[in-house]
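Asks: The structure is given below, and queries will be raised subsequently.
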Amino acid sequence: MNDGDVGSEDGDEAIEAANDWHPSSAALSFIHDGDSLDCKAAFAIYAKEDNEGPGSSWRRSPVSLPAFSLSPSETYFVPEVPGARVRVTSRWRRVLDQWMVTVAIENLIERSDPEDKIETQDCIFQTQLSCVPIGGEVLPYRTTASVNMDPEECELALRYRDARVYAVGHGTSAAWDAQDGSVRSVAIDFLPTVTVPAIAAVAGASGGNTLRLSFLSDASVPPETLAEHLNEFVTDYERWVDVREEESHGLPAAHSEASVRLIERMRRAVRRMRGSITVLKADPIVLRSFRLAMVAMREQMLQSGHARMNPGKRGRPLIARPAGLKEPEWFPFQLGFLLVSLESTAYEGHEDRSVVDLIWFPTGGGKTEAYLALAAFEMVRRRLTRGVDGGGTAVITRYTLRLLTTQQFQRAATLICALERLQEQDQELKRLPAFTIGLWLGDATTPNKLIDALSRLDETYKALKPENPFQLEACPWCGTSIIPDTRVDDRSAYGANATKNDFYLYCPHKECAFSTRLPIDVVDEQMYRTPPTMLMGTVDKFARLPLSEAAGSLLGRGSSPFDAPSLVIQDELHLLSGPLGTTVAVYEAAIQSVLSWGGSRPKIVASTATIRAASEQVKGLFAAEVELHPASGISAEDSFFARVDRDAPGRLYIGLMPQAFTQSSSVVRSLTGLLEAPLSLPDATDEDLDAYWTVVAYHNSLRELGRTVTIARDDVESLLRTRGVGGVKVRSIRGDGVEELTSHVQADQLPKILARLERRYASGDAVDVAATTNMLSVGIDVSRLGVMLMNGQPKTTSEYIQATSRVGRGRDVPGIVVTLFRATKPRDRSHYETFRGYHEALYRYVEPTSVTPWSVQSRHRALAAALVLLVRHGAGLRTNTACGDFDASSVQVRHAITALKTLIKHVDPDEADDAFEQLDALITHWAARVADAAAEGETLQYEAKKGTSLLKNFGDAGEAWPVMNSMRSVDRAVRVIVRGEKAPA
């Protein structure tokens with residue numbers, strides 16, 4: 001599987017007969033406690049008219065049926081109305097003292113041969129059917145999910161108790177009308193729409209100064225005053241919890257246990273916040289670290305906003321940041337997270353040190369700033385507490401996608417620049433190790449060696465249109481481009497300097513504070529020599545640890561004189577599931593053992609917008625417990641820190657399932673309609689047009705994306721040209737109007753594509769169609785995008801939420817998502833038929849994630865690598881030839897093995913014995929290989945071009961242990977030859 005893309009197939013078996021016949025009926029099922037039903041039905045038919053001009057003309061004739069009743073004794077209705085060639089039937093099933101009813105409307109036109117052409121005039125259109133119970137009301141529709149629920153499902157049922165499903169469709173979707181808490185009618189709905197309301201981060205009553213970074217960073221404020229304000233903030237939350245607890249006493253008995261668990265988590269969050277406030281008041285170093293972190297974060301926010309609005313350009317003076325800008329403020333959930341996690345981050349022996357604190361908040365809410373603030377606190381605290389020993393890599397921040405990594409790198413780099421400027425002004429910090437940041441990626445993205453950096457920079461100098469091989473597109477402080485758009489002779493315009501022994505980036509603008517050197521490293525070799533304070537990379541890069549002698553310095557081992565990293569941040573935790581998460585977890589066991597070698601484990605925090613079964617996933621990944629922040633309220637609409645905002649426009653979801661059409665034909669018509677829509681807006685301004693000008697076409701496979709790209713440039717463009725009749729405005733797709741965003745795009749092209757997506761309608765160069773796979777679903781923030789065509793239901797609700805949240809992110813751009821369901825796919829049909837119920841409780845349907853790191857297949861893939869990683873960087877056998885010094889009886893090796901076995905036993909006791917047996921076999925084999933090599937006068941090496949090697953790549957021959965270069969796949973492509981097919985030459 002490629003980085004950030006799904007496979008070529010979606011794995012959902014087609015319903016073979018779904019398109020053999022046009023659908024001749026539509027139905028809905030519901031439960032009610034009445035005696036009978038009052039029903040209404042209507043539809044339209046079309047007749048072809050003679051037309052002398054081009055094209056065809058049709059006349060629409062509406063047909064409304066007289067009201068009719070259905071009951072257990074009268075289960076069908078055939079209207080005696082001219083042109084009414086329909087029948088309504090029903091099926092009644094008794095469920096205790098209620099009725100479960102399915103009502104269907106059928107077209108009575110018959111076809112003897114499915115191959116016969118279907119005449120348009122035989123079809124009925126815009127079909128409507130509604131039912132009202134007499135002597136009762138519509139009741140919630142029960143599903144199998146309501147039975148045998150685990151504790152988390154019970155909590156979800158409590159939180160979403162007001163989001164009920166009252167009907168499901170069959171070949172259609174269903175709608176219902178709720179008034180005063182009861183539902184009186186249900187209806188079929190072929191074009192369902194649901195507005196998912198926006199989630200707003202809101203302030204408590206204490207708001208004011210407490211949330212302002214200028215106040216939190218002010219050293220003149222007495223610690224007692226700061227603590228008083230923070231305690232007021234927590235008290236607001238505590239009072240809110242008191243009210244929720246009182247409300248919970250009035251809940252049905254079925255929800256009592258779930259409510260007790262939720263309330264206890266809120267109470268625990270209160271206690272943890274109070275604990276952090278206490279240490280801020282009592283510990284001067286913690287207080288000073290916190291305030292300096294707030295100074296740095298304030299500068300980061302102010303300078304980022306200024307540089308975004310006024311980017312620097314060589315040859316022009318930098319625009320000074322004006323005084324009097326709006327003071328940055330924390331969202332309450334951000335400050336709450338800092339207070340929840342600060343005490344256990346500051347103290348290695350704290351009881352919550354091993355707890356993974358997970359920021360759980362909707363996309364675009366500010367999770368990144370929250371964990372960057374904690375990172376700033378820890379980077380400063382280590383230096384103030386440990387002096388020179390507190391240098392080196394303090395924080396490891398990991399991502400799952402290179403695109404996400406490079407985007408977040410720019411934001412984090414601004415924070416590091418702010419810390420360096422702060423260090424220049426602070427006498428105590430000035431004498432301590434410098435603040436730096438490193439980007440740790442594969443050599444296809446950034447150069448891994450200094451000689452490679454020199455070579456790439458020379459190529460960049462020569463290129464007529466230089467590509468940036470160093471991922472940093474612009475100076476993080478002033479916004480000046482690091483590499484010019486076109487070749488220039490003045491090499492100072494290129495913000496990089498390289499020799500065989502050194503490499504550094506700088507801002508090409510002479511007025512910038514970082515015109516001499518930026519505190520940024522992108523070359524592995526240099527980072528191993530001087531470990532960066534904050535290390536950012538993809539999880540895949542950590543697969544190289546068993547194979548790298550020098551990388552141990554990043555973990556505080558080997559020749560590094562510094563402490564081990566004390567804070568690990570895992571972004572987008574939900575992506576570490578399935579095969580990727582399973583493999584990561586095996587390596588993570590070894591990495592955590594190395595980081596904890598000295599007796600203190602690092603603090604781990606993570607972030608996500610969508611997750612289920614977090615406790616099982618975190619236990620599998622990190623062998624730890626987890627606590628979510630903000631703690632869930634007893635209603636999904638309010639957690640104190642986030643509430644549903646009914647005044648905001650929200651995001652509009654529209655369901656569309658064309659039947660008896662090919663998927664390609666459906667895409668052509670849907671995409672054409674969405675492209676034309678902006679031109680139909682009356683009196684539209686450029687801003688109005690811009691919001692919906694670029695259609696994001698999301699796909700579940702690369703094959704589907706390729707088909708859409710071809711369709712957009714051919715069929716859609718042809719269809720658009722036919723619309724210009726009678727002076728109607730016509731839109732066309734420009735030659736370069738279609739952009740692709742997939743893992744196939746080169747790393748140096750990704751920033752350019754994102755910049756292209758930012759171009760507005762008024763520029764004349766706005767993208768028409770952005771065709772993408774799940775590369776878009778995490779970390780992409782282009783505020784102007786407003787409309788998406790979702791081409792088929794994604795495999796998981798998590799991906800659906802993440803992907804669709806990429807449109808409508810701007811404050812003035814309400815998002816519109818058209819989900820194009822495929823009638824031949826069971827999963828698509830199911831989501832379409834339950835469209836309203838699904839979308840009114842989206843987060844409830846996020847599927848649990850799982851990792852199984854100690855299963856047989858997982859151990860086969862990664863256990864040997866984990867053992868080598870731990871022994872090499874933990875036990876100190878770093879060098880290539882030190883592999884031959886392996887001694888299973890040595891104190892260091894026994895310590896490493898014990899640490900790994902302890903983690904395995906904690907995570908998966910059922911697999912522990914088998915895992916121990918396999919691990920012991922590996923240890924015995926390693927010792928035997930050492931002895932065999934010595935007997936032949938050789939030294940066993942980890943990797944040997946000539947000689948005996950312990951490790952090899954997957955697929956290579958020999959008795960060496962196979963290890964991976966990436967955590968995603970070790971499978972080689974296999975050509976399958978069908979019998980009778982000619983084999984390739």
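Chains: A, B, ... in order of the structure tokens. Residues: from 1 per chain. Ligands: from 1, in order shown.
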From the DSSP assignment of the backbone, select every residue of segment 467-684 of chain A that is strand (DSSP E or B), and format the answer as a PyMOL selection string.

Replies: chain A and resi 474+481+496-498+503-505+520-521+534-538+567-570+603-608+626-629+635+638+642-645+651-656

Asks: Can you write just those residues out, C-alpha atoms, as a short mmCIF file (atom, residue, chain, number, x, y, z; two decimals), in the first residue's frame?

Replies:
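Saved file result_26.cif follows:
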data_model
loop_
_atom_site.label_atom_id
_atom_site.label_comp_id
_atom_site.auth_asym_id
_atom_site.auth_seq_id
_atom_site.Cartn_x
_atom_site.Cartn_y
_atom_site.Cartn_z
CA ALA A 474 9.26 29.51 2.94
CA SER A 481 10.51 31.80 -0.36
CA ALA A 496 20.60 26.90 1.57
CA ASN A 497 24.31 26.43 1.98
CA ALA A 498 26.04 23.10 1.62
CA PHE A 503 24.53 22.05 5.57
CA TYR A 504 22.15 24.73 6.77
CA LEU A 505 19.11 26.68 5.65
CA ILE A 520 16.27 23.80 11.09
CA ASP A 521 17.92 20.51 10.06
CA MET A 534 12.25 18.64 18.30
CA LEU A 535 12.34 15.74 15.87
CA MET A 536 9.49 15.44 13.36
CA GLY A 537 9.11 12.43 11.09
CA THR A 538 6.87 9.74 9.72
CA LEU A 567 7.92 13.73 25.32
CA VAL A 568 6.51 11.73 22.41
CA ILE A 569 3.66 13.18 20.34
CA GLN A 570 1.67 10.96 17.98
CA LYS A 603 5.35 11.20 28.48
CA ILE A 604 3.18 10.31 25.49
CA VAL A 605 0.41 12.49 24.09
CA ALA A 606 -1.61 11.91 20.95
CA SER A 607 -4.31 13.62 18.93
CA THR A 608 -7.22 12.53 16.78
CA VAL A 626 -5.36 6.40 27.86
CA GLU A 627 -7.40 9.41 28.92
CA LEU A 628 -9.32 11.50 26.40
CA HIS A 629 -9.51 15.26 26.56
CA SER A 635 -24.67 14.49 25.58
CA ASP A 638 -21.95 19.53 24.84
CA ALA A 642 -17.04 22.11 22.73
CA ARG A 643 -20.69 22.59 21.90
CA VAL A 644 -22.85 22.24 18.83
CA ASP A 645 -23.21 25.66 17.20
CA ARG A 651 -21.85 21.18 6.58
CA LEU A 652 -24.60 20.05 4.20
CA TYR A 653 -24.54 16.38 3.15
CA ILE A 654 -26.57 15.32 0.10
CA GLY A 655 -27.13 11.67 -0.78
CA LEU A 656 -27.40 10.58 -4.40
#

Asks: Could you write out, as JSON, numbers by chain, all the residues of segment 533-664 of chain A that DSSP marks as alpha helix (DSSP H)?

Replies: {"A": [578, 579, 580, 581, 582, 583, 584, 585, 586, 587, 588, 589, 590, 591, 592, 593, 594, 595, 614, 615, 616, 617, 618, 619, 620, 621, 622, 663, 664]}

Asks: Quick one: everything within 6 Å of segment 577-593 of chain A, counting only C-alpha atoms, minus sequence neighbours fewer than 2 positions away in the same chain. Send it as a list in words.

Replies: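 What passes the distance filter is Leu575, Leu595, Ser596, Trp597, Leu621, Thr849, Ser850, Val851, Thr852, Pro853, Ala866, Leu870 and Arg968 of chain A.
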
Asks: Name all residues at most 8 Å from segment 783-790 of chain A (count only C-alpha atoms; drop same-chain ones fewer than 2 positions away) and give them as an NGL selection string.

Replies: :A and (670-671 or 690-692 or 694-699 or 758 or 760 or 781 or 792-793 or 804 or 806-810 or 813-820)

Asks: Looking at only C-alpha atoms, which of A:Tyr942, A:Phe377, A:Trp477, A:Tyr141 is the one that sits closest to Gln300 of chain A?

Replies: A:Trp477

Asks: Can you list, as a compact mmCIF listing (two decimals) with all heavy atoms, in the first residue's frame, every protein, DNA or RNA residue that comes within 12 Å of Lys510 of chain A when you count only C-alpha atoms, leaving out same-chain residues fewer than 6 positions away?

Replies:
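What landed in selection.txt:
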# COMPACT_ATOMS: atom_id res chain seq x y z
N GLY A 312 7.31 37.86 3.10
CA GLY A 312 8.47 38.60 2.62
C GLY A 312 8.80 38.27 1.18
O GLY A 312 8.45 37.19 0.68
N LYS A 313 9.49 39.20 0.52
CA LYS A 313 9.95 38.99 -0.85
C LYS A 313 11.26 39.72 -1.03
O LYS A 313 11.39 40.89 -0.65
CB LYS A 313 8.91 39.51 -1.85
CG LYS A 313 9.29 39.20 -3.29
CD LYS A 313 8.13 39.37 -4.22
CE LYS A 313 8.55 38.99 -5.62
NZ LYS A 313 7.47 38.77 -6.53
N ARG A 314 12.23 39.03 -1.58
CA ARG A 314 13.54 39.66 -1.81
C ARG A 314 13.40 40.90 -2.68
O ARG A 314 12.64 40.91 -3.65
CB ARG A 314 14.48 38.66 -2.48
CG ARG A 314 15.20 37.74 -1.50
CD ARG A 314 16.01 36.71 -2.22
NE ARG A 314 17.01 37.27 -3.11
CZ ARG A 314 18.27 37.55 -2.77
NH1 ARG A 314 18.68 37.32 -1.53
NH2 ARG A 314 19.12 38.04 -3.66
N GLY A 315 14.15 41.90 -2.32
CA GLY A 315 14.10 43.15 -3.08
C GLY A 315 13.09 44.15 -2.55
O GLY A 315 13.05 45.30 -2.98
N ARG A 316 12.23 43.69 -1.61
CA ARG A 316 11.26 44.59 -0.99
C ARG A 316 11.49 44.56 0.52
O ARG A 316 11.77 43.51 1.09
CB ARG A 316 9.83 44.14 -1.28
CG ARG A 316 9.45 44.18 -2.75
CD ARG A 316 8.02 43.70 -2.91
NE ARG A 316 7.64 43.57 -4.30
CZ ARG A 316 6.48 43.04 -4.71
NH1 ARG A 316 5.62 42.61 -3.80
NH2 ARG A 316 6.21 42.95 -6.00
N PRO A 317 11.32 45.72 1.16
CA PRO A 317 11.49 45.74 2.63
C PRO A 317 10.42 44.86 3.28
O PRO A 317 9.28 44.76 2.82
CB PRO A 317 11.29 47.22 2.99
CG PRO A 317 11.49 47.97 1.72
CD PRO A 317 11.06 47.06 0.60
N LEU A 318 10.82 44.21 4.38
CA LEU A 318 9.85 43.44 5.15
C LEU A 318 8.86 44.39 5.81
O LEU A 318 9.24 45.46 6.30
CB LEU A 318 10.55 42.62 6.23
CG LEU A 318 11.30 41.36 5.81
CD1 LEU A 318 11.93 40.71 7.02
CD2 LEU A 318 10.39 40.38 5.09
N CYS A 475 10.50 30.77 4.55
CA CYS A 475 11.03 31.05 5.88
C CYS A 475 9.90 31.02 6.88
O CYS A 475 8.89 31.72 6.72
CB CYS A 475 11.70 32.43 5.88
SG CYS A 475 12.15 33.02 7.54
N CYS A 478 9.39 34.92 8.34
CA CYS A 478 8.91 36.08 7.56
C CYS A 478 8.17 35.70 6.30
O CYS A 478 7.57 36.56 5.65
CB CYS A 478 10.08 37.01 7.21
SG CYS A 478 11.18 36.36 5.93
N THR A 480 9.38 34.54 3.40
CA THR A 480 10.12 34.65 2.15
C THR A 480 10.41 33.26 1.58
O THR A 480 10.80 32.35 2.33
CB THR A 480 11.46 35.39 2.37
OG1 THR A 480 11.19 36.69 2.89
CG2 THR A 480 12.24 35.52 1.07
N SER A 492 22.76 33.87 -3.24
CA SER A 492 22.20 34.22 -1.94
C SER A 492 20.68 34.19 -1.96
O SER A 492 20.04 34.24 -0.90
CB SER A 492 22.69 35.59 -1.49
OG SER A 492 22.16 36.61 -2.33
N ALA A 493 20.09 34.14 -3.17
CA ALA A 493 18.63 34.02 -3.28
C ALA A 493 18.16 32.61 -2.95
O ALA A 493 16.96 32.38 -2.77
CB ALA A 493 18.18 34.41 -4.69
N GLY A 495 18.10 29.89 -0.27
CA GLY A 495 18.28 29.87 1.18
C GLY A 495 18.87 28.59 1.72
O GLY A 495 18.35 28.02 2.69
N THR A 516 20.92 34.68 8.62
CA THR A 516 22.22 34.00 8.75
C THR A 516 22.04 32.49 8.78
O THR A 516 22.73 31.75 8.06
CB THR A 516 22.95 34.46 10.03
OG1 THR A 516 23.10 35.87 9.99
CG2 THR A 516 24.31 33.80 10.14
N ARG A 517 21.11 32.03 9.58
CA ARG A 517 20.88 30.58 9.69
C ARG A 517 19.54 30.33 10.37
O ARG A 517 19.20 30.99 11.36
CB ARG A 517 22.01 29.92 10.48
CG ARG A 517 21.92 28.39 10.53
CD ARG A 517 23.22 27.79 11.00
NE ARG A 517 23.22 26.33 10.86
CZ ARG A 517 24.30 25.58 10.71
NH1 ARG A 517 25.49 26.16 10.66
NH2 ARG A 517 24.22 24.27 10.59

Asks: Report the distance between atom CA of Glu739 of chain A and atom CA of Lys367 of chain A in Å, rounded to one decimal place.

Replies: 28.7 Å

Asks: When distances are computed from only C-alpha atoms, which of A:Phe514, A:Trp176, A:Phe331, A:Phe68 shows the smallest separation from Thr414 of chain A?

Replies: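 For Thr414 of chain A, the nearest of the given residues is A:Phe514.
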
Asks: Can you tell me which residues surround Leu287 of chain A at a distance of at most 12 Å, considering only C-alpha atoms, apart from same-chain residues fewer than 5 positions away, and format the answer as a list in words?

Replies: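 Selected residues are Leu216, Ser217, Asp218, Ala219, Val221, Pro222, Pro223, Glu224, Leu226, Ala227, Ser276, Ile277, Thr278, Val279, Leu280, Lys281, Ala282, Leu292, Ala293, Met294, Leu342, Glu343, Ala346, Phe377, Glu378, Val380, Arg381 and Leu384 of chain A.
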
Asks: Please provide the set of residues having any atom within 9 Å of Cys39 of chain A, restricted to only C-alpha atoms, with same-chain residues fewer than 3 positions apart removed, written as a PyMOL selection string.

Replies: chain A and resi 66-70+129-133

Asks: Of the candidates A:Lys946, A:Lys729, A:Arg164, A:Arg382, which one gets nearest to His839 of chain A if we count only C-alpha atoms?

Replies: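 Ranked by minimum distance to His839 of chain A, first place goes to A:Arg164.
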
Asks: When distances are computed from only C-alpha atoms, which of A:Ser56, A:Thr742, A:Thr120, A:Ser949 shows the smallest separation from Trp961 of chain A?

Replies: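 Closest to Trp961 of chain A, using only C-alpha atoms: A:Ser949.
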
Asks: For a quick check of understanding, using only C-alpha atoms, which of A:Ile319, A:Met964, A:Val388, A:Phe215 has the smallest distance to Glu511 of chain A?

Replies: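 Ranking A:Ile319, A:Met964, A:Val388, A:Phe215 by distance to Glu511 of chain A, first place goes to A:Ile319.
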
Asks: Considering only C-alpha atoms, can you say which of A:Ile396, A:Cys417, A:Val241, A:Leu950 comes closest to Met301 of chain A?

Replies: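 Nearest candidate to Met301 of chain A out of A:Ile396, A:Cys417, A:Val241, A:Leu950: A:Cys417.
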